[in-house]
Every structure is written in structure tokens, then in C-alpha cells.
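Each remark here refers to the structure printed beneath this line.
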Amino acid sequence: MGPGWAPPPGGYAGAGYAGAAAPGRRGPRTSTMVVLAVVIALLASTLGSVGTYLLTRPSVSDRDPSFTLGKAPTGSNSRPPDSIAGVAAKVLPSVVSLAVDGGTSASTGSGFLIKGGYVVTNNHVVAAAAPGGEIQIQFSNRKSTSARIIGRDPESDLAVVKPEETFGAPEISLGNSDNVVVGDPVVAIGSPLGLVGTVTSGIVSSLNRPVQAGEENSSDTTWLSAIQTDAAINPGNSGGPLVNANGEVIGVNSAIATLGRSAGGQSGSIGLGFAIPVNHARRIAEELVTTGVAKKSRIGITIDQTYQGTGVRIDSEVRQGTRPVEPDGPADKAGLKPGDVILEVNGTVVQDSTELIALIRNKAPGEKLSIKFQRGGQEKTATVIVGAAAAQSTPTPTPRPS
């Protein structure tokens, strides 16, 4: 220590740091400060709310006893017959919803009433009831009745059922799918997800689109040349009508393309719906009602599945005793030979075997097909009269959910 400096009381290490007991006495003082701060905050919040209310509350001078938004404009519920609303009003009474109980499986779908009190729908809608299940049909007036299967064609995914009552519902008008062109306005009506009487609209997006039809995991699975539309079609729409601007059926809604949950979690309609052309459905329905069996169209050729070129080539080899061109069959009578490459059918370019099968299946036995083909580097044309496969009884399918 220097001169003139007195030593601190108790020494450096004693009183100033280690010996301090002040923190024990400051605790109560700190708690008091915290409580006081909370009280002040609450008081400020309350005063602020009161102040805001006083500043924003409506005053008597803000009232306007004469204020009115006026009456709703006068008008009418009638719509032009060719409008979407007009088409819906015409068609809805002829559209039904189906609930199928097969005991171990069930499905729902749609259908439409045709001549004779019959209902056309998809086979996959009613397949579960084929072994002895039950079908309930609900009409647009919400009245319900039971129905029985008249006939099914798993290969074309079409069926005809007969309700016990129709409750005065009108039969629907059938159009001509051969007159449909891309861009035509269309309306789809059905019961997607059980929502009876749902109406959606769009256009014809494409024609002759090959779509798989028939029962999954079944030998009856085949391809049909379908009408593609962007009108929303969802599960439950199956079997319902796709109609034109005149309210005439041009197709039977049957399938949709979806992204699936593995592709971003989306499912249901993405604007890619497909309908069986009504001309094909008309023929199948007539055959099911009159004979119980639908005829299978064929031309009697075997396709070369190894061919990778343009068009579809007829096989050139005999396989398991089967000749590639059936002797005295439709193709043979028209002059087609093994190795010929089919390029077009009725003016439609054929890119693969599924398109060829679909185009043939859409024609009835006895109808003509103009086939352009290539042989030895030269293009030729042949007229083939579509034949019919041997009649077979309708198999009992493995039910597929609608």
C-alpha cells in the first residue's frame, strides 16, 4: 500500500465480494417490480381497447334509415334449349343412379333410361350383383326401386338392367356418334361420389381414343375406340350419359385418366374422361335385350407383336397351329395376306395394335371397313366385311369397383 492510503475495511478478499449478502435482500424488490410491470401492461391494454372502441364505435349520425340494396331483378328460370341449363333440364329426368350390393362387394354408378323401360349402364357398375346381389335404382325425383340384370357384356363394359318401376321418367334420346367432331360442346350427367344429378360440361377433346374396357385380370379385357372429353367425370359417373347440345346421348361415360396419389397426391378428374360411342352402345344394348349375348367383332387376323415399324403388321408365321390370316375369314376374303402392314382403317391412321382392335370392335358384324395396307413397298386398299366371333355365354366376372 502506498503512503496516505488506508487499507479497505476487512481486507480485499473479505467484505467487498465474497462477504456480500445483498442478493438475498434484493429478491423481494425484483418480484415487486415484475408484478408492477404486469399490472401496468394490463392497464395499458385495457385503456387501449376502450380508447379504440370509443374512437371507432358508430355514432347516431352514421345511421341512414333510407338505405336499401333494392329488390332482386325480375327474370325467368327458363333457359334456351341448347344451353347447358336447357340440356340439363331435358336430360336429368332420364338419368338414374345405381347402388349395387354383391354381399362381399358393392359399387355405385349411373345409367340412363331407354326405350322399353330398360337402363343402360357400365358392366363394371353391376358386375358385383351378377351372382345374385341386389341393385337399387334412384330416379331424379328421388324415388327408388329394385332392378334386375337383363344382360352384360364384360368385353365392352356395357350392361342393361330392368327397374321394377320407372315412375313416369322419360326415355332419353340417342344420338349418332359418327356425327361427333372434336370441339363439339358436351354435357356429362351422373352421380359422382354419390352426388345424384351432378351436371358438368366441356367439349369433345378427341375421337377414336383407344381405351381399355372389360374386367381387370380377365381374358375379356379388350380395347374400345372412345370419345375423349374434358367434362369432369369422376367415380360414380360410370354408366351415365355424355350428351350433345341437343340433349342426345353420344356416349356412355366409362373411364377416366388420373395422376394417382403417387404423382403429387391428386386423383379423380383431371380433364381426361372417356365415353363409349353411343352407336356401339346402341348395338350392344339391342343384342343384350333380344338375345342376352353381345356379338364380338373380328376380321380374322393375328397381329405380329414384335413389329416396331409404322402401322400394324399381320403375323407371317403359323403359331400353335393358328394361321395368321384365318382361311376364308373376313380378312382373307378381302385379299389381306400374312406380312401385310395395316396403315389406316376408314381413314384413321393406325399406330399400334390397340388402336386397330378398338376400331374393329366399334363396328358391328356385317359392317364394312376400308383398310389401307402396305405390301412389298406398295400401298393398297381392301374392303373388309366385319365378322363375328362364336357366341359365348357371359362369364361371371371378378367385380371391379366403380
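Ordering of the C-alpha cells sets the chain letters (A, B, ...); residue numbers start at 1 within each chain; ligands are numbered from 1 in the order shown.
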Enumerate, as a PyMOL selection string, the complete set of residues in segment 197-346 of chain A that a backbone-based DSSP assignment places in helix (DSSP H, G or I). chain A and resi 261-263+278-290+330-334
Give me the residues within 8 Å of Gly387 of chain A as a list in words, counting only C-alpha atoms and dropping any in the same chain fewer than 6 places off. Ser297, Arg298, Ile299, Gly300, Gly329, Pro330, Pro365 and Gly366 of chain A
Can you list, as JSON, numbers by chain, every protein, DNA or RNA residue that comes within 9 Å of Gly103 of chain A when you count only C-alpha atoms, leaving out same-chain residues fewer than 3 positions away? {"A": [106, 128, 129, 132, 133, 134]}
Tell me, as a PyMOL selection string, which residues lie within 9 Å of Asp352 of chain A, counting only C-alpha atoms; anything in the same chain fewer than 6 positions away does not count. chain A and resi 310-312
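The shortest atom-to-atom distance to Val211 of chain A, with only C-alpha atoms taken into account, belongs to A:Ala358 out of A:Phe112, A:Ala358, A:Arg375, A:Thr258.
We find atom CA of Ile301 of chain A and atom CA of Ala388 of chain A to be spaced 12.8 Å apart.
Across A:Ala281, A:Leu193, A:Leu98, A:Val341, the tightest approach to Leu356 of chain A is made by A:Val341 when counting only C-alpha atoms.
Using only C-alpha atoms for every distance, the candidate list A:Ser146, A:Asn208, A:Ser238, A:Ser191 yields A:Ser238 as the residue closest to Val125 of chain A.
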